[in-house]
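Okay, entry26.pdb is below, PDB, C-alpha atoms:
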```
MODEL        1
ATOM      1  CA  MET G 215      29.959  -1.300 -21.876
ATOM      2  CA  THR G 216      29.001   0.578 -18.744
ATOM      3  CA  LEU G 217      25.666   1.793 -17.395
ATOM      4  CA  GLU G 218      26.732   5.295 -18.406
ATOM      5  CA  ASP G 219      27.097   4.108 -22.013
ATOM      6  CA  VAL G 220      23.555   2.732 -21.833
ATOM      7  CA  TRP G 221      22.290   6.030 -20.421
ATOM      8  CA  ARG G 222      23.957   8.039 -23.189
ATOM      9  CA  ALA G 223      22.481   5.761 -25.853
ATOM     10  CA  TYR G 224      19.035   6.051 -24.299
ATOM     11  CA  ARG G 225      19.190   9.847 -24.159
ATOM     12  CA  SER G 226      20.544  10.306 -27.662
ATOM     13  CA  ASP G 227      18.482   7.622 -29.407
ATOM     14  CA  ASP G 228      15.927   5.359 -27.759
ATOM     15  CA  LEU G 229      15.386   2.269 -25.644
ATOM     16  CA  ALA G 230      16.277  -0.057 -28.536
ATOM     17  CA  ALA G 231      19.638   1.680 -28.915
ATOM     18  CA  ALA G 232      20.214   1.404 -25.172
ATOM     19  CA  ALA G 233      19.441  -2.334 -25.295
ATOM     20  CA  GLN G 234      22.124  -2.826 -27.926
ATOM     21  CA  MET G 235      24.631  -1.114 -25.623
ATOM     22  CA  ALA G 236      23.617  -2.912 -22.442
ATOM     23  CA  PRO G 237      26.211  -5.052 -20.703
ATOM     24  CA  THR G 238      25.245  -8.659 -20.136
ATOM     25  CA  GLU G 239      25.759  -8.452 -16.370
ATOM     26  CA  ALA G 240      22.702  -8.363 -14.127
ATOM     27  CA  LEU G 241      22.637  -4.671 -13.239
ATOM     28  CA  GLY G 242      22.813  -3.710 -16.908
ATOM     29  CA  ARG G 243      19.813  -5.899 -17.695
ATOM     30  CA  PHE G 244      17.937  -4.432 -14.754
ATOM     31  CA  TYR G 245      18.774  -0.909 -15.915
ATOM     32  CA  LEU G 246      16.998  -1.758 -19.172
ATOM     33  CA  ALA G 247      14.003  -2.907 -17.114
ATOM     34  CA  VAL G 248      13.922   0.477 -15.404
ATOM     35  CA  LEU G 249      14.165   2.364 -18.704
ATOM     36  CA  ALA G 250      11.384   0.232 -20.215
ATOM     37  CA  PHE G 251       9.208   0.832 -17.163
ATOM     38  CA  ALA G 252       9.766   4.588 -17.506
ATOM     39  CA  GLN G 253       8.366   4.317 -21.041
ATOM     40  CA  GLN G 254       5.380   2.303 -19.732
ATOM     41  CA  ASP G 255       6.645  -0.751 -21.620
ATOM     42  CA  PHE G 256       5.720  -3.241 -18.903
ATOM     43  CA  PRO G 257       6.241  -6.439 -20.932
ATOM     44  CA  GLY G 258       9.712  -5.205 -21.874
ATOM     45  CA  ALA G 259      10.452  -4.226 -18.275
ATOM     46  CA  LEU G 260       9.445  -7.693 -17.058
ATOM     47  CA  ALA G 261      11.514  -9.432 -19.733
ATOM     48  CA  HIS G 262      14.641  -7.452 -18.825
ATOM     49  CA  ALA G 263      14.048  -7.966 -15.099
ATOM     50  CA  ARG G 264      13.835 -11.720 -15.684
ATOM     51  CA  GLU G 265      17.162 -11.556 -17.521
ATOM     52  CA  ALA G 266      18.641  -9.800 -14.491
ATOM     53  CA  VAL G 267      17.371 -12.603 -12.227
ATOM     54  CA  GLN G 268      18.864 -15.215 -14.546
ATOM     55  CA  ALA G 269      22.230 -13.463 -14.260
ATOM     56  CA  ALA G 270      21.958 -12.970 -10.473
ATOM     57  CA  PRO G 271      19.385 -15.398  -9.006
ATOM     58  CA  GLN G 272      20.117 -14.468  -5.380
ATOM     59  CA  ASP G 273      19.701 -10.718  -5.819
ATOM     60  CA  LEU G 274      16.835  -9.554  -3.591
ATOM     61  CA  VAL G 275      15.943  -6.486  -5.651
ATOM     62  CA  PHE G 276      15.801  -8.236  -9.012
ATOM     63  CA  ALA G 277      13.678 -11.118  -7.715
ATOM     64  CA  GLN G 278      11.171  -8.829  -5.995
ATOM     65  CA  ALA G 279      11.071  -6.601  -9.077
ATOM     66  CA  VAL G 280       9.990  -9.550 -11.246
ATOM     67  CA  THR G 281       7.126 -10.342  -8.855
ATOM     68  CA  TYR G 282       6.063  -6.700  -8.819
ATOM     69  CA  LEU G 283       6.214  -6.311 -12.609
ATOM     70  CA  GLN G 284       4.229  -9.514 -13.110
ATOM     71  CA  ARG G 285       1.502  -7.969 -10.995
ATOM     72  CA  VAL G 286       1.626  -4.707 -12.922
ATOM     73  CA  LEU G 287       1.366  -6.593 -16.192
ATOM     74  CA  SER G 288      -1.538  -8.781 -15.086
ATOM     75  CA  LEU G 289      -3.569  -6.287 -13.035
ATOM     76  CA  GLY G 290      -2.598  -2.947 -14.521
ATOM     77  CA  LYS G 291      -0.692  -0.186 -12.806
ATOM     78  CA  GLN G 292      -3.835   1.387 -11.364
ATOM     79  CA  GLU G 293      -4.427  -1.767  -9.317
ATOM     80  CA  VAL G 294      -0.966  -1.722  -7.750
ATOM     81  CA  TYR G 295      -0.870   0.326  -4.578
ATOM     82  CA  VAL G 296       1.019   0.693  -1.362
ATOM     83  CA  SER G 297      -0.820  -1.493   1.144
ATOM     84  CA  GLY G 298      -1.428  -0.456   4.731
ATOM     85  CA  GLU G 299      -0.184  -3.841   5.936
ATOM     86  CA  GLY G 300       3.004  -3.565   3.912
ATOM     87  CA  PHE G 301       3.758  -0.073   5.165
ATOM     88  CA  ALA G 302       3.013  -1.021   8.784
ATOM     89  CA  ALA G 303       5.403  -3.979   8.574
ATOM     90  CA  PHE G 304       8.014  -1.780   6.925
ATOM     91  CA  VAL G 305       7.934   1.169   9.290
ATOM     92  CA  ARG G 306       7.935  -0.953  12.445
ATOM     93  CA  GLY G 307      10.666  -3.325  11.355
ATOM     94  CA  GLY G 308      14.177  -3.409   9.987
ATOM     95  CA  GLY G 309      16.273  -0.280  10.245
ATOM     96  CA  ASN G 310      13.239   1.835  11.030
ATOM     97  CA  VAL G 311      13.353   0.570  14.622
ATOM     98  CA  PRO G 312      16.768   2.076  15.470
ATOM     99  CA  LEU G 313      16.061   5.055  13.193
ATOM    100  CA  TYR G 314      12.971   6.082  15.123
ATOM    101  CA  GLN G 315      14.556   5.252  18.460
ATOM    102  CA  ALA G 316      17.373   7.658  17.656
ATOM    103  CA  THR G 317      14.939  10.283  16.359
ATOM    104  CA  SER G 318      12.737  10.127  19.464
ATOM    105  CA  ALA G 319      15.776  10.265  21.756
ATOM    106  CA  ALA G 320      17.083  13.355  19.964
ATOM    107  CA  LEU G 321      13.700  15.089  20.250
ATOM    108  CA  GLN G 322      13.463  14.215  23.935
ATOM    109  CA  SER G 323      16.904  15.675  24.575
ATOM    110  CA  VAL G 324      15.642  18.989  23.184
ATOM    111  CA  TYR G 325      12.447  18.888  25.251
ATOM    112  CA  GLY G 326      14.601  18.406  28.344
ATOM    113  CA  GLN G 327      16.095  21.855  27.805
ATOM    114  CA  TYR G 328      12.744  23.464  28.718
ATOM    115  CA  LYS G 329      10.807  23.741  31.962
ATOM    116  CA  THR G 330       7.595  24.148  29.956
ATOM    117  CA  LEU G 331       7.211  23.709  26.246
ATOM    118  CA  ASP G 332       4.626  24.654  23.633
ATOM    119  CA  LEU G 333       5.090  22.159  20.781
ATOM    120  CA  LEU G 334       3.783  21.782  17.220
ATOM    121  CA  ASP G 335       4.440  18.539  15.325
ATOM    122  CA  VAL G 336       4.122  18.971  11.543
ATOM    123  CA  GLY G 337       3.317  15.692   9.813
ATOM    124  CA  VAL G 338       3.029  13.689  12.999
ATOM    125  CA  GLY G 339       1.908  10.522  11.201
ATOM    126  CA  ASP G 340       0.699   8.029  13.796
ATOM    127  CA  GLY G 341       3.069   9.451  16.411
ATOM    128  CA  LEU G 342       5.937   7.009  15.896
ATOM    129  CA  ALA G 343       8.600   9.663  16.573
ATOM    130  CA  LEU G 344       6.605  11.904  18.906
ATOM    131  CA  LEU G 345       5.093   9.497  21.429
ATOM    132  CA  PRO G 346       8.301   7.984  22.861
ATOM    133  CA  ALA G 347       9.842  11.466  23.079
ATOM    134  CA  LEU G 348       7.125  13.150  25.140
ATOM    135  CA  THR G 349       7.984  14.394  28.624
ATOM    136  CA  ALA G 350       6.017  16.172  31.318
ATOM    137  CA  CYS G 351       7.482  19.517  30.300
ATOM    138  CA  VAL G 352       5.281  19.647  27.169
ATOM    139  CA  ARG G 353       2.649  22.125  28.332
ATOM    140  CA  SER G 354       0.648  22.335  25.129
ATOM    141  CA  LEU G 355       0.736  20.160  22.043
ATOM    142  CA  ASP G 356      -0.621  20.638  18.532
ATOM    143  CA  ILE G 357      -0.322  17.838  15.991
ATOM    144  CA  LEU G 358      -0.759  18.391  12.264
ATOM    145  CA  GLU G 359      -1.286  15.555   9.776
ATOM    146  CA  PRO G 360      -3.097  15.407   6.396
ATOM    147  CA  SER G 361      -3.957  11.704   6.744
ATOM    148  CA  GLY G 362      -7.083  11.350   8.860
ATOM    149  CA  ALA G 363      -6.383   7.696   9.633
ATOM    150  CA  MET G 364      -2.838   8.379  10.808
ATOM    151  CA  LEU G 365      -3.905  11.429  12.798
ATOM    152  CA  ALA G 366      -6.630   9.425  14.539
ATOM    153  CA  LYS G 367      -4.069   6.846  15.680
ATOM    154  CA  ALA G 368      -1.750   9.508  17.064
ATOM    155  CA  SER G 369      -4.597  11.312  18.800
ATOM    156  CA  ALA G 370      -5.948   8.103  20.320
ATOM    157  CA  ALA G 371      -2.513   7.226  21.698
ATOM    158  CA  LEU G 372      -2.192  10.692  23.237
ATOM    159  CA  LYS G 373      -5.658  10.452  24.798
ATOM    160  CA  GLU G 374      -4.775   7.047  26.240
ATOM    161  CA  ARG G 375      -1.762   8.655  27.891
ATOM    162  CA  GLY G 376      -3.841  11.563  29.136
ATOM    163  CA  VAL G 377      -1.915  14.120  27.067
ATOM    164  CA  PRO G 378      -4.040  17.193  26.200
ATOM    165  CA  HIS G 379      -3.586  18.150  22.561
ATOM    166  CA  ARG G 380      -5.181  19.675  19.489
ATOM    167  CA  ALA G 381      -5.289  17.481  16.379
ATOM    168  CA  VAL G 382      -5.556  19.195  12.974
ATOM    169  CA  GLU G 383      -6.175  17.226   9.780
ATOM    170  CA  GLN G 384      -4.491  19.508   7.255
ATOM    171  CA  THR G 385      -1.404  19.946   5.148
ATOM    172  CA  LEU G 386       1.127  22.491   6.294
ATOM    173  CA  GLN G 387       0.241  24.570   3.232
ATOM    174  CA  ASP G 388      -3.398  24.851   4.325
ATOM    175  CA  PHE G 389      -2.507  25.315   7.981
ATOM    176  CA  ALA G 390      -0.157  28.206   7.147
ATOM    177  CA  ARG G 391      -2.959  30.117   5.401
ATOM    178  CA  GLN G 392      -4.811  30.564   8.698
ATOM    179  CA  PRO G 393      -4.042  32.734  11.732
ATOM    180  CA  ALA G 394      -1.687  30.848  14.032
ATOM    181  CA  ARG G 395      -0.092  31.147  17.433
ATOM    182  CA  GLN G 396       3.557  30.938  18.445
ATOM    183  CA  TRP G 397       5.289  27.766  19.590
ATOM    184  CA  ASP G 398       8.518  27.282  21.482
ATOM    185  CA  VAL G 399       9.424  24.350  19.239
ATOM    186  CA  ILE G 400       8.084  23.186  15.893
ATOM    187  CA  GLN G 401       9.224  19.778  14.730
ATOM    188  CA  ALA G 402       8.912  17.897  11.439
ATOM    189  CA  THR G 403      10.212  14.338  11.279
ATOM    190  CA  TYR G 404      10.629  13.055   7.721
ATOM    191  CA  SER G 405       7.616  15.095   6.594
ATOM    192  CA  LEU G 406       8.935  18.284   4.973
ATOM    193  CA  GLN G 407      10.270  16.261   2.029
ATOM    194  CA  SER G 408       6.671  16.001   0.809
ATOM    195  CA  ILE G 409       6.586  19.765   0.155
ATOM    196  CA  PRO G 410       7.414  20.681  -3.469
ATOM    197  CA  PRO G 411      10.709  22.607  -3.727
ATOM    198  CA  GLN G 412       9.073  25.768  -5.051
ATOM    199  CA  GLU G 413       6.945  26.008  -1.893
ATOM    200  CA  ARG G 414       9.649  25.265   0.657
ATOM    201  CA  THR G 415      11.242  28.633   1.269
ATOM    202  CA  GLY G 416       7.885  30.299   1.914
ATOM    203  CA  LEU G 417       6.753  27.584   4.314
ATOM    204  CA  LEU G 418      10.106  27.510   6.097
ATOM    205  CA  ARG G 419       9.774  31.267   6.535
ATOM    206  CA  TRP G 420       6.323  30.731   8.061
ATOM    207  CA  LEU G 421       7.789  28.138  10.424
ATOM    208  CA  ARG G 422      10.503  30.623  11.453
ATOM    209  CA  GLU G 423       7.912  33.305  12.126
ATOM    210  CA  HIS G 424       5.768  31.023  14.282
ATOM    211  CA  GLY G 425       8.367  28.904  16.046
ATOM    212  CA  ARG G 426      11.252  30.010  18.192
ATOM    213  CA  ARG G 427      13.043  26.816  17.250
ATOM    214  CA  LEU G 428      12.600  24.354  14.392
ATOM    215  CA  LEU G 429      13.650  20.699  14.472
ATOM    216  CA  VAL G 430      13.793  18.954  11.099
ATOM    217  CA  ALA G 431      14.642  15.259  10.736
ATOM    218  CA  GLU G 432      15.488  14.322   7.156
ATOM    219  CA  PHE G 433      17.685  12.017   5.100
ATOM    220  CA  ASP G 434      20.850  13.011   3.261
ATOM    221  CA  PRO G 435      20.631  11.344  -0.170
ATOM    222  CA  PRO G 436      22.961  12.299  -3.017
ATOM    223  CA  SER G 437      21.598  14.452  -5.815
ATOM    224  CA  PHE G 438      21.463  13.361  -9.440
ATOM    225  CA  SER G 439      20.921  15.216 -12.693
ATOM    226  CA  ASP G 440      18.044  13.009 -13.856
ATOM    227  CA  ASP G 441      15.665  10.444 -12.349
ATOM    228  CA  LEU G 442      16.905   7.823 -14.835
ATOM    229  CA  ASP G 443      20.592   8.682 -14.521
ATOM    230  CA  ALA G 444      22.705   5.508 -14.433
ATOM    231  CA  ASP G 445      24.328   6.520 -11.151
ATOM    232  CA  ARG G 446      20.923   7.090  -9.577
ATOM    233  CA  VAL G 447      19.605   3.682 -10.632
ATOM    234  CA  ASP G 448      22.790   2.077  -9.296
ATOM    235  CA  TYR G 449      22.372   3.941  -6.000
ATOM    236  CA  VAL G 450      18.717   2.910  -5.658
ATOM    237  CA  VAL G 451      19.445  -0.754  -6.371
ATOM    238  CA  GLN G 452      22.303  -0.902  -3.868
ATOM    239  CA  ALA G 453      20.242   0.858  -1.191
ATOM    240  CA  TYR G 454      17.203  -1.348  -1.697
ATOM    241  CA  ARG G 455      19.368  -4.453  -1.429
ATOM    242  CA  ARG G 456      20.376  -3.265   2.035
ATOM    243  CA  GLY G 457      16.802  -2.384   2.922
ATOM    244  CA  LEU G 458      15.270  -5.681   1.804
ATOM    245  CA  ALA G 459      17.979  -7.640   3.636
ATOM    246  CA  GLU G 460      16.744  -6.152   6.926
ATOM    247  CA  TYR G 461      13.409  -7.950   6.571
ATOM    248  CA  VAL G 462      13.383 -11.740   6.766
ATOM    249  CA  HIS G 463      10.033 -13.218   7.851
ATOM    250  CA  ASP G 464       7.889 -10.481   6.254
ATOM    251  CA  ARG G 465      10.137  -9.581   3.314
ATOM    252  CA  ASP G 466       7.560 -10.351   0.615
ATOM    253  CA  LEU G 467       4.888  -8.298   2.368
ATOM    254  CA  VAL G 468       7.206  -5.333   2.831
ATOM    255  CA  ALA G 469       8.590  -5.584  -0.691
ATOM    256  CA  GLN G 470       5.336  -5.999  -2.606
ATOM    257  CA  GLY G 471       3.166  -3.940  -0.270
ATOM    258  CA  PHE G 472       5.511  -0.979  -0.011
ATOM    259  CA  LEU G 473       9.126  -1.004  -1.185
ATOM    260  CA  MET G 474       8.689  -2.137  -4.802
ATOM    261  CA  PRO G 475       5.826   0.288  -5.538
ATOM    262  CA  VAL G 476       7.928   3.083  -4.034
ATOM    263  CA  MET G 477      11.087   2.082  -5.883
ATOM    264  CA  PHE G 478       9.446   1.846  -9.288
ATOM    265  CA  GLY G 479       7.624   5.085  -8.538
ATOM    266  CA  TYR G 480      11.019   6.798  -8.657
ATOM    267  CA  PHE G 481      11.225   5.879 -12.340
ATOM    268  CA  ASP G 482       7.626   6.523 -13.414
ATOM    269  CA  PRO G 483       7.219   9.925 -15.124
ATOM    270  CA  THR G 484       3.419   9.508 -15.100
ATOM    271  CA  ALA G 485       3.179   9.110 -11.301
ATOM    272  CA  ALA G 486       2.506  12.063  -9.039
ATOM    273  CA  ARG G 487       5.465  12.831  -6.784
ATOM    274  CA  THR G 488       4.880  12.322  -3.060
ATOM    275  CA  ASN G 489       8.305  13.392  -1.845
ATOM    276  CA  TYR G 490      11.140  15.591  -2.997
ATOM    277  CA  GLU G 491      14.213  14.584  -1.057
ATOM    278  CA  GLN G 492      17.338  16.674  -1.152
ATOM    279  CA  PRO G 493      20.788  16.622   0.493
ATOM    280  CA  ILE G 494      21.086  17.941   4.040
ATOM    281  CA  GLN G 495      23.298  20.822   2.895
ATOM    282  CA  THR G 496      20.481  21.953   0.599
ATOM    283  CA  TRP G 497      18.081  21.885   3.558
ATOM    284  CA  ILE G 498      20.533  24.029   5.523
ATOM    285  CA  THR G 499      20.758  26.489   2.631
ATOM    286  CA  HIS G 500      16.944  26.717   2.484
ATOM    287  CA  LEU G 501      16.667  27.207   6.252
ATOM    288  CA  ARG G 502      19.154  30.057   6.179
ATOM    289  CA  ALA G 503      17.378  31.605   3.187
ATOM    290  CA  ALA G 504      14.163  31.480   5.247
ATOM    291  CA  GLY G 505      15.797  33.551   7.991
ATOM    292  CA  PHE G 506      17.189  31.005  10.444
ATOM    293  CA  ALA G 507      20.454  32.492  11.695
ATOM    294  CA  GLN G 508      21.766  29.330  13.327
ATOM    295  CA  VAL G 509      21.428  25.785  11.997
ATOM    296  CA  GLU G 510      23.098  22.834  13.709
ATOM    297  CA  GLN G 511      23.130  19.315  12.293
ATOM    298  CA  ARG G 512      23.357  16.036  14.179
ATOM    299  CA  LEU G 513      23.684  12.553  12.730
ATOM    300  CA  LEU G 514      20.819  10.391  13.959
ATOM    301  CA  TYR G 515      21.348   7.048  12.255
ATOM    302  CA  ARG G 516      23.028   5.583   9.174
ATOM    303  CA  TYR G 517      19.848   4.310   7.581
ATOM    304  CA  TRP G 518      19.937   1.945   4.601
ATOM    305  CA  TRP G 519      18.541   4.555   2.202
ATOM    306  CA  ALA G 520      20.660   7.480   3.353
ATOM    307  CA  PRO G 521      22.017   8.836   6.653
ATOM    308  CA  ALA G 522      19.371  10.592   8.761
ATOM    309  CA  TYR G 523      20.103  13.928  10.432
ATOM    310  CA  LEU G 524      18.396  16.253  12.848
ATOM    311  CA  LEU G 525      18.618  19.930  11.918
ATOM    312  CA  ASP G 526      18.189  22.317  14.858
ATOM    313  CA  ALA G 527      17.391  25.801  13.551
ATOM    314  CA  SER G 528      16.755  29.055  15.392
TER     315      SER G 528
ENDMDL
END
```

Mind turning this structure into structure tokens?
Amino acid sequence: MTLEDVWRAYRSDDLAAAAQMAPTEALGRFYLAVLAFAQQDFPGALAHAREAVQAAPQDLVFAQAVTYLQRVLSLGKQEVYVSGEGFAAFVRGGGNVPLYQATSAALQSVYGQYKTLDLLDVGVGDGLALLPALTACVRSLDILEPSGAMLAKASAALKERGVPHRAVEQTLQDFARQPARQWDVIQATYSLQSIPPQERTGLLRWLREHGRRLLVAEFDPPSFSDDLDADRVDYVVQAYRRGLAEYVHDRDLVAQGFLMPVMFGYFDPTAARTNYEQPIQTWITHLRAAGFAQVEQRLLYRYWWAPAYLLDAS
């Protein structure tokens, strides 16, 4: 039996029917854990995850999943959250180091094409991509970020460098409802994926109207027909194996404080979505629909989750 057979049984009947179809190999057992989790059957999810570990004891994803599900079962899902320490260790380690180095270098190469530059950074975070890219040509800088804590870090780093700027604690949706100026360049590094698809074309049109040039850094994941599709679960497991392998000394912190909550969030129909990734070609289609006549793409880095690209639209 294949994972696709399990998926068909689950869709046509129920989880019990899928369990009868499940192959005995580790990924098949883990797929049952995912399906049980999607139905909020946490004891069942943990039992199937333990079976996956028994079949593949060295698998990083299965082992970390058991630890995570034990916590969910003992503390309740409401008590399981993405920790600040886990995210900090994640974003400043592993493949994120070369990813952000490549992103900052690509941004800086664009800044170098200007004698003076008016810049808006949408979703600046704590400045991880922006700060290393800054050059003296940036004449004015506006940074937009809905997280007050992250914005404060970025603003403090800019003040320490003596960079004049305006910091705005808002979402792009709220910011776009107010009168705004024009910028030479607007950039968004791994932040536009948080905008729901139905709002994207309108906001991309606003970005076109207020920026002479738009830089968008995003990932290029495959698309799937359903969140629980067998191919999607297989893709996620393989990707997270690569991601977890990049962290050695702080693997447990990164896994339990960030990666496992995120991974299982993909399969939780009761959880509010925080991002809506889509393939790069879909981004290009949306940019052109918003009125950008020219869109160039540049590979930044082959990240463990999906390749990262910079889209340069004007």

Hey, which of G:Val462, G:Arg414, G:Pro378, G:Ala453 ends up closest to Ile498 in chain G? Count only C-alpha atoms.
-> G:Arg414

Would you give the centre and edge lengths, in Å to one decimal, of a box along x, y and z around the listed atoms of range 365-377 of chain G, with 8 Å added to each side, as lines of an AutoDock Vina configuration file?
```
center_x = -4.2
center_y = 10.5
center_z = 21.0
size_x = 20.9
size_y = 23.3
size_z = 32.3
```

Smallest atom-to-atom distance to Ala394 in chain G: which of G:Ala250, G:Leu334, G:Leu345, G:Ala233, using only C-alpha atoms?
-> G:Leu334

I'd like a table as CSV: residues in range 432-524 of chain G with an atom no more than 10 Å from range 295-316 of chain G, each row giving the shortest atom pair and its distance in Å to one decimal, all atoms listed in the file counted, sorted by chain and rising residue number.
```
residue,atom,partner,partner_atom,distance
G:Arg456,CA,G:Gly309,CA,9.7
G:Gly457,CA,G:Gly308,CA,7.6
G:Leu458,CA,G:Gly308,CA,8.6
G:Ala459,CA,G:Gly308,CA,8.5
G:Glu460,CA,G:Gly308,CA,4.8
G:Tyr461,CA,G:Gly308,CA,5.7
G:Val462,CA,G:Gly308,CA,9.0
G:Asp464,CA,G:Ala303,CA,7.3
G:Arg465,CA,G:Phe304,CA,8.9
G:Asp466,CA,G:Gly300,CA,8.8
G:Leu467,CA,G:Gly300,CA,5.3
G:Val468,CA,G:Gly300,CA,4.7
G:Ala469,CA,G:Gly300,CA,7.5
G:Gln470,CA,G:Gly300,CA,7.3
G:Gly471,CA,G:Gly300,CA,4.2
G:Phe472,CA,G:Val296,CA,5.0
G:Leu473,CA,G:Phe304,CA,8.2
G:Met474,CA,G:Val296,CA,8.9
G:Pro475,CA,G:Val296,CA,6.4
G:Val476,CA,G:Val296,CA,7.8
G:Leu513,CA,G:Ala316,CA,9.4
G:Leu514,CA,G:Ala316,CA,5.7
G:Tyr515,CA,G:Leu313,CA,5.7
G:Arg516,CA,G:Leu313,CA,8.1
G:Tyr517,CA,G:Gly309,CA,6.4
G:Trp518,CA,G:Gly309,CA,7.1
G:Trp519,CA,G:Gly309,CA,9.7
G:Pro521,CA,G:Leu313,CA,9.6
G:Ala522,CA,G:Leu313,CA,7.8
G:Tyr523,CA,G:Ala316,CA,9.9
G:Leu524,CA,G:Ala316,CA,9.9
```

Using only C-alpha atoms, please write the residues we just selected to a file, as a PDB file, in the coordinates of the input.
```pdb
ATOM      1  CA  ARG G 456      20.376  -3.265   2.035  1.00  0.00           C
ATOM      2  CA  GLY G 457      16.802  -2.384   2.922  1.00  0.00           C
ATOM      3  CA  LEU G 458      15.270  -5.681   1.804  1.00  0.00           C
ATOM      4  CA  ALA G 459      17.979  -7.640   3.636  1.00  0.00           C
ATOM      5  CA  GLU G 460      16.744  -6.152   6.926  1.00  0.00           C
ATOM      6  CA  TYR G 461      13.409  -7.950   6.571  1.00  0.00           C
ATOM      7  CA  VAL G 462      13.383 -11.740   6.766  1.00  0.00           C
ATOM      8  CA  ASP G 464       7.889 -10.481   6.254  1.00  0.00           C
ATOM      9  CA  ARG G 465      10.137  -9.581   3.314  1.00  0.00           C
ATOM     10  CA  ASP G 466       7.560 -10.351   0.615  1.00  0.00           C
ATOM     11  CA  LEU G 467       4.888  -8.298   2.368  1.00  0.00           C
ATOM     12  CA  VAL G 468       7.206  -5.333   2.831  1.00  0.00           C
ATOM     13  CA  ALA G 469       8.590  -5.584  -0.691  1.00  0.00           C
ATOM     14  CA  GLN G 470       5.336  -5.999  -2.606  1.00  0.00           C
ATOM     15  CA  GLY G 471       3.166  -3.940  -0.270  1.00  0.00           C
ATOM     16  CA  PHE G 472       5.511  -0.979  -0.011  1.00  0.00           C
ATOM     17  CA  LEU G 473       9.126  -1.004  -1.185  1.00  0.00           C
ATOM     18  CA  MET G 474       8.689  -2.137  -4.802  1.00  0.00           C
ATOM     19  CA  PRO G 475       5.826   0.288  -5.538  1.00  0.00           C
ATOM     20  CA  VAL G 476       7.928   3.083  -4.034  1.00  0.00           C
ATOM     21  CA  LEU G 513      23.684  12.553  12.730  1.00  0.00           C
ATOM     22  CA  LEU G 514      20.819  10.391  13.959  1.00  0.00           C
ATOM     23  CA  TYR G 515      21.348   7.048  12.255  1.00  0.00           C
ATOM     24  CA  ARG G 516      23.028   5.583   9.174  1.00  0.00           C
ATOM     25  CA  TYR G 517      19.848   4.310   7.581  1.00  0.00           C
ATOM     26  CA  TRP G 518      19.937   1.945   4.601  1.00  0.00           C
ATOM     27  CA  TRP G 519      18.541   4.555   2.202  1.00  0.00           C
ATOM     28  CA  PRO G 521      22.017   8.836   6.653  1.00  0.00           C
ATOM     29  CA  ALA G 522      19.371  10.592   8.761  1.00  0.00           C
ATOM     30  CA  TYR G 523      20.103  13.928  10.432  1.00  0.00           C
ATOM     31  CA  LEU G 524      18.396  16.253  12.848  1.00  0.00           C
TER      32      LEU G 524
END
```

Among G:Ala252, G:Leu406, G:Ala381, G:Ala371, Ile357 in chain G is approached most closely, using only C-alpha atoms, by G:Ala381

note - CA of Ser323 in chain G and CA of Ala527 in chain G are separated by 15.0 Å

Kindly resolve the PyMOL selection byres ((chain G and resi 263-267) around 10) on the present coordinates and return the residues as an NGL selection string.
-> :G and (238-248 or 257-262 or 268-281 or 283)

For those residues, write C-alpha atoms to a file as a PDB file, in the coordinates of the input.
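This went into part.pdb:
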```
ATOM      1  CA  THR G 238      25.245  -8.659 -20.136  1.00  0.00           C
ATOM      2  CA  GLU G 239      25.759  -8.452 -16.370  1.00  0.00           C
ATOM      3  CA  ALA G 240      22.702  -8.363 -14.127  1.00  0.00           C
ATOM      4  CA  LEU G 241      22.637  -4.671 -13.239  1.00  0.00           C
ATOM      5  CA  GLY G 242      22.813  -3.710 -16.908  1.00  0.00           C
ATOM      6  CA  ARG G 243      19.813  -5.899 -17.695  1.00  0.00           C
ATOM      7  CA  PHE G 244      17.937  -4.432 -14.754  1.00  0.00           C
ATOM      8  CA  TYR G 245      18.774  -0.909 -15.915  1.00  0.00           C
ATOM      9  CA  LEU G 246      16.998  -1.758 -19.172  1.00  0.00           C
ATOM     10  CA  ALA G 247      14.003  -2.907 -17.114  1.00  0.00           C
ATOM     11  CA  VAL G 248      13.922   0.477 -15.404  1.00  0.00           C
ATOM     12  CA  PRO G 257       6.241  -6.439 -20.932  1.00  0.00           C
ATOM     13  CA  GLY G 258       9.712  -5.205 -21.874  1.00  0.00           C
ATOM     14  CA  ALA G 259      10.452  -4.226 -18.275  1.00  0.00           C
ATOM     15  CA  LEU G 260       9.445  -7.693 -17.058  1.00  0.00           C
ATOM     16  CA  ALA G 261      11.514  -9.432 -19.733  1.00  0.00           C
ATOM     17  CA  HIS G 262      14.641  -7.452 -18.825  1.00  0.00           C
ATOM     18  CA  GLN G 268      18.864 -15.215 -14.546  1.00  0.00           C
ATOM     19  CA  ALA G 269      22.230 -13.463 -14.260  1.00  0.00           C
ATOM     20  CA  ALA G 270      21.958 -12.970 -10.473  1.00  0.00           C
ATOM     21  CA  PRO G 271      19.385 -15.398  -9.006  1.00  0.00           C
ATOM     22  CA  GLN G 272      20.117 -14.468  -5.380  1.00  0.00           C
ATOM     23  CA  ASP G 273      19.701 -10.718  -5.819  1.00  0.00           C
ATOM     24  CA  LEU G 274      16.835  -9.554  -3.591  1.00  0.00           C
ATOM     25  CA  VAL G 275      15.943  -6.486  -5.651  1.00  0.00           C
ATOM     26  CA  PHE G 276      15.801  -8.236  -9.012  1.00  0.00           C
ATOM     27  CA  ALA G 277      13.678 -11.118  -7.715  1.00  0.00           C
ATOM     28  CA  GLN G 278      11.171  -8.829  -5.995  1.00  0.00           C
ATOM     29  CA  ALA G 279      11.071  -6.601  -9.077  1.00  0.00           C
ATOM     30  CA  VAL G 280       9.990  -9.550 -11.246  1.00  0.00           C
ATOM     31  CA  THR G 281       7.126 -10.342  -8.855  1.00  0.00           C
ATOM     32  CA  LEU G 283       6.214  -6.311 -12.609  1.00  0.00           C
TER      33      LEU G 283
END
```
